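As provided, upload-v8.txt (compact mmCIF, C-alpha atoms) reads as follows.
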```txt
# COMPACT_ATOMS: atom_id res chain seq x y z
CA MET U 1 85.81 124.52 -7.36
CA SER U 2 84.30 124.60 -3.90
CA ALA U 3 85.57 122.76 -0.89
CA ILE U 4 84.85 123.07 2.80
CA TYR U 5 87.81 122.01 4.93
CA LEU U 6 86.78 120.34 8.18
CA HIS U 7 88.80 118.96 11.09
CA SER U 8 87.13 115.58 10.76
CA TYR U 9 84.02 113.99 9.29
CA GLN U 10 80.84 116.05 9.66
CA THR U 11 78.15 113.81 8.24
CA LYS U 12 75.34 116.01 9.58
CA LEU U 13 76.26 118.65 6.99
CA LEU U 14 74.83 116.44 4.26
CA GLU U 15 71.38 117.33 5.56
CA LEU U 16 71.93 121.03 4.81
CA ASN U 17 72.36 121.05 1.06
CA GLU U 18 71.74 118.49 -1.67
CA ASN U 19 74.79 119.78 -3.57
CA LEU U 20 77.07 118.98 -0.64
CA TYR U 21 79.21 115.84 -0.90
CA HIS U 22 81.65 114.41 1.63
CA VAL U 23 85.06 112.94 0.81
CA TYR U 24 86.07 110.08 3.08
CA ILE U 25 89.10 107.83 3.50
CA GLU U 26 88.31 104.37 2.17
CA SER U 27 90.10 101.04 2.31
CA HIS U 28 90.73 98.86 -0.72
CA LYS U 29 88.62 96.16 0.92
CA GLY U 30 85.69 98.59 1.35
CA ILE U 31 84.89 97.52 4.90
CA GLY U 32 85.55 98.87 8.40
CA GLY U 33 86.68 102.32 9.35
CA GLY U 34 84.18 103.34 11.98
CA ARG U 35 80.74 104.84 12.10
CA ASP U 36 81.28 107.95 9.95
CA ILE U 37 83.07 106.07 7.19
CA THR U 38 80.41 103.36 7.13
CA PHE U 39 77.70 106.03 6.92
CA LEU U 40 79.47 107.84 4.07
CA ARG U 41 80.20 104.59 2.24
CA GLN U 42 76.45 103.87 2.17
CA HIS U 43 75.37 107.45 1.42
CA ASP U 44 74.88 108.50 -2.20
CA ARG U 45 76.86 111.69 -1.57
CA GLY U 46 79.90 110.07 0.03
CA ILE U 47 82.98 110.18 -2.22
CA PRO U 48 85.69 107.64 -1.38
CA LEU U 49 89.41 108.28 -1.54
CA THR U 50 91.13 104.91 -1.14
CA LEU U 51 94.27 105.53 0.91
CA ARG U 52 94.36 102.30 2.94
CA ASP U 53 94.50 98.62 2.15
CA ASN U 54 92.35 97.91 5.22
CA PHE U 55 91.53 99.62 8.50
CA SER U 56 93.67 97.39 10.70
CA GLU U 57 96.67 98.77 12.57
CA HIS U 58 98.98 97.66 9.75
CA GLY U 59 96.58 98.35 6.90
CA ALA U 60 98.41 101.17 5.14
CA VAL U 61 99.12 100.97 1.43
CA THR U 62 102.54 99.56 0.55
CA PRO U 63 104.92 99.72 -2.40
CA GLU U 64 103.68 96.26 -3.38
CA THR U 65 100.15 97.58 -3.93
CA GLU U 66 101.09 100.89 -5.65
CA ALA U 67 100.04 99.87 -9.17
CA ARG U 68 96.63 98.71 -7.98
CA ASP U 69 96.15 101.68 -5.66
CA ILE U 70 97.18 104.40 -8.12
CA ILE U 71 94.62 103.19 -10.67
CA LYS U 72 91.85 103.19 -8.07
CA VAL U 73 92.84 106.59 -6.65
CA GLU U 74 93.01 108.08 -10.16
CA ASN U 75 89.42 107.00 -10.81
CA GLU U 76 88.36 108.53 -7.50
CA PHE U 77 90.12 111.81 -8.28
CA GLN U 78 88.27 111.87 -11.60
CA THR U 79 85.00 111.54 -9.66
CA ILE U 80 86.11 114.38 -7.39
CA ASN U 81 87.00 116.56 -10.42
CA TYR U 82 83.67 115.74 -12.05
CA SER U 83 81.78 116.66 -8.89
CA LEU U 84 83.62 119.95 -8.53
CA SER U 85 83.20 120.90 -12.18
CA TYR U 86 79.43 120.41 -11.88
CA GLY U 87 79.11 122.78 -8.95
CA LYS U 88 79.14 120.31 -6.10
CA ILE U 89 80.53 121.40 -2.74
CA LEU U 90 82.94 118.91 -1.20
CA CYS U 91 83.56 118.51 2.51
CA VAL U 92 87.19 117.53 3.01
CA PRO U 93 88.22 116.06 6.40
CA ILE U 94 91.69 117.52 6.92
CA TYR U 95 92.99 115.50 9.88
CA PRO U 96 91.99 112.05 8.59
CA LEU U 97 93.47 112.97 5.22
CA LEU U 98 96.71 114.31 6.71
CA ASP U 99 97.06 111.25 8.95
CA GLU U 100 96.81 108.93 5.96
CA LEU U 101 99.15 111.04 3.83
CA THR U 102 101.75 110.97 6.61
CA ILE U 103 101.60 107.18 6.76
CA ILE U 104 101.71 106.85 2.97
CA GLU U 105 104.74 109.18 2.81
CA LYS U 106 106.64 106.75 5.03
CA GLN U 107 105.33 103.51 3.49
CA SER U 108 105.09 104.39 -0.19
CA PRO U 109 106.78 107.65 -1.28
CA LYS U 110 105.80 107.09 -4.93
CA MET U 111 102.12 106.87 -3.99
CA ALA U 112 102.47 109.92 -1.71
CA GLY U 113 104.01 111.93 -4.55
CA TYR U 114 101.20 110.93 -6.88
CA ILE U 115 98.51 111.88 -4.36
CA ASN U 116 100.20 115.21 -3.61
CA LYS U 117 100.23 116.04 -7.34
CA ARG U 118 96.56 115.22 -7.66
CA LEU U 119 95.71 117.33 -4.59
CA GLU U 120 97.67 120.23 -6.09
CA SER U 121 95.73 119.87 -9.34
CA LEU U 122 92.58 120.48 -7.29
CA ASN U 123 94.21 123.51 -5.65
CA TRP U 124 93.76 121.81 -2.28
CA LYS U 125 96.56 123.10 -0.05
CA ILE U 126 97.02 119.77 1.72
CA ARG U 127 100.52 118.42 1.56
CA VAL U 128 102.82 116.23 3.60
CA GLY U 129 106.53 115.85 3.05
CA LYS U 130 108.78 118.13 1.04
CA THR U 131 107.40 121.52 0.02
```
Write-out of the structure in structure tokens:
Amino acid sequence: MSAIYLHSYQTKLLELNENLYHVYIESHKGIGGGRDITFLRQHDRGIPLTLRDNFSEHGAVTPETEARDIIKVENEFQTINYSLSYGKILCVPIYPLLDELTIIEKQSPKMAGYINKRLESLNWKIRVGKT
């Protein structure tokens, strides 16, 4: 399982290697998020991880959307596992991911716990909250 941990999105890296994929934070609505996210959403080697309802100021996931969000995130983690098991290299943007996990920890502890377990299953040492 290969991952490259980056401070933020580095979309230029996709030009270096056809086996390189880039994880990005996605919204349930699938719109917004800025230039890098829009680029990765449209790129065939962008892998979404839906951790927001939308990209507005108050667009974090909530306990009311947990059931919907956990199903979607599980499917995305399966895509990530599949990519890793077939020798793909994943770029993981640490700060965007940590920012979202911090918000989710406050808004929806159940969802945060689920995501932390899935990250641990990938051996990604990214965790917010209790250790």
Do you have, as a tab-separated table, the list of residues of range 15-81 of chain U lying at most 10 Å from range 102-112 of chain U, each with its nearest atom pair and that distance in Å to one decimal, counting all atoms listed in the file and ordered by chain then number?
```
residue	atom	partner	partner_atom	distance
U:Leu51	CA	U:Ile104	CA	7.8
U:Arg52	CA	U:Ile104	CA	8.6
U:Ala60	CA	U:Ile104	CA	6.9
U:Val61	CA	U:Ile104	CA	6.6
U:Thr62	CA	U:Ser108	CA	5.5
U:Pro63	CA	U:Ser108	CA	5.2
U:Glu64	CA	U:Ser108	CA	8.8
U:Thr65	CA	U:Ser108	CA	9.2
U:Glu66	CA	U:Met111	CA	6.3
U:Ala67	CA	U:Met111	CA	9.0
U:Asp69	CA	U:Met111	CA	8.1
U:Ile70	CA	U:Met111	CA	6.9
U:Val73	CA	U:Met111	CA	9.7
```
Residue subset to file, keeping C-alpha atoms, as a compact mmCIF listing (two decimals), keeping the file's coordinate frame:
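Saved result, result13.txt, follows:
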```
# COMPACT_ATOMS: atom_id res chain seq x y z
CA LEU U 51 94.27 105.53 0.91
CA ARG U 52 94.36 102.30 2.94
CA ALA U 60 98.41 101.17 5.14
CA VAL U 61 99.12 100.97 1.43
CA THR U 62 102.54 99.56 0.55
CA PRO U 63 104.92 99.72 -2.40
CA GLU U 64 103.68 96.26 -3.38
CA THR U 65 100.15 97.58 -3.93
CA GLU U 66 101.09 100.89 -5.65
CA ALA U 67 100.04 99.87 -9.17
CA ASP U 69 96.15 101.68 -5.66
CA ILE U 70 97.18 104.40 -8.12
CA VAL U 73 92.84 106.59 -6.65
```
(message) Would you compute the distance between CA of Tyr95 in chain U and CA of Leu6 in chain U? Give it in Å to one decimal.
(response)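 Here the two named atoms are 8.1 Å from each other.
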(message) Here is a test: counting all atoms listed in the file, which residue of U:Ile4, U:Val23, U:Leu97, U:Leu14 is nearest to Arg41 in chain U?
(response) U:Val23
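In this comparison, which uses only C-alpha atoms, the residue of U:Asn81, U:Glu74, U:Tyr5, U:Leu90 approaching Tyr114 in chain U most closely is U:Glu74.
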(request) Choose the residue, out of U:Asn116, U:Asp36, U:Lys72, U:Phe77, that has the smallest atom-to-atom separation from Leu98 in chain U; count only C-alpha atoms. (result)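 Under the stated criterion, the closest residue is U:Asn116.
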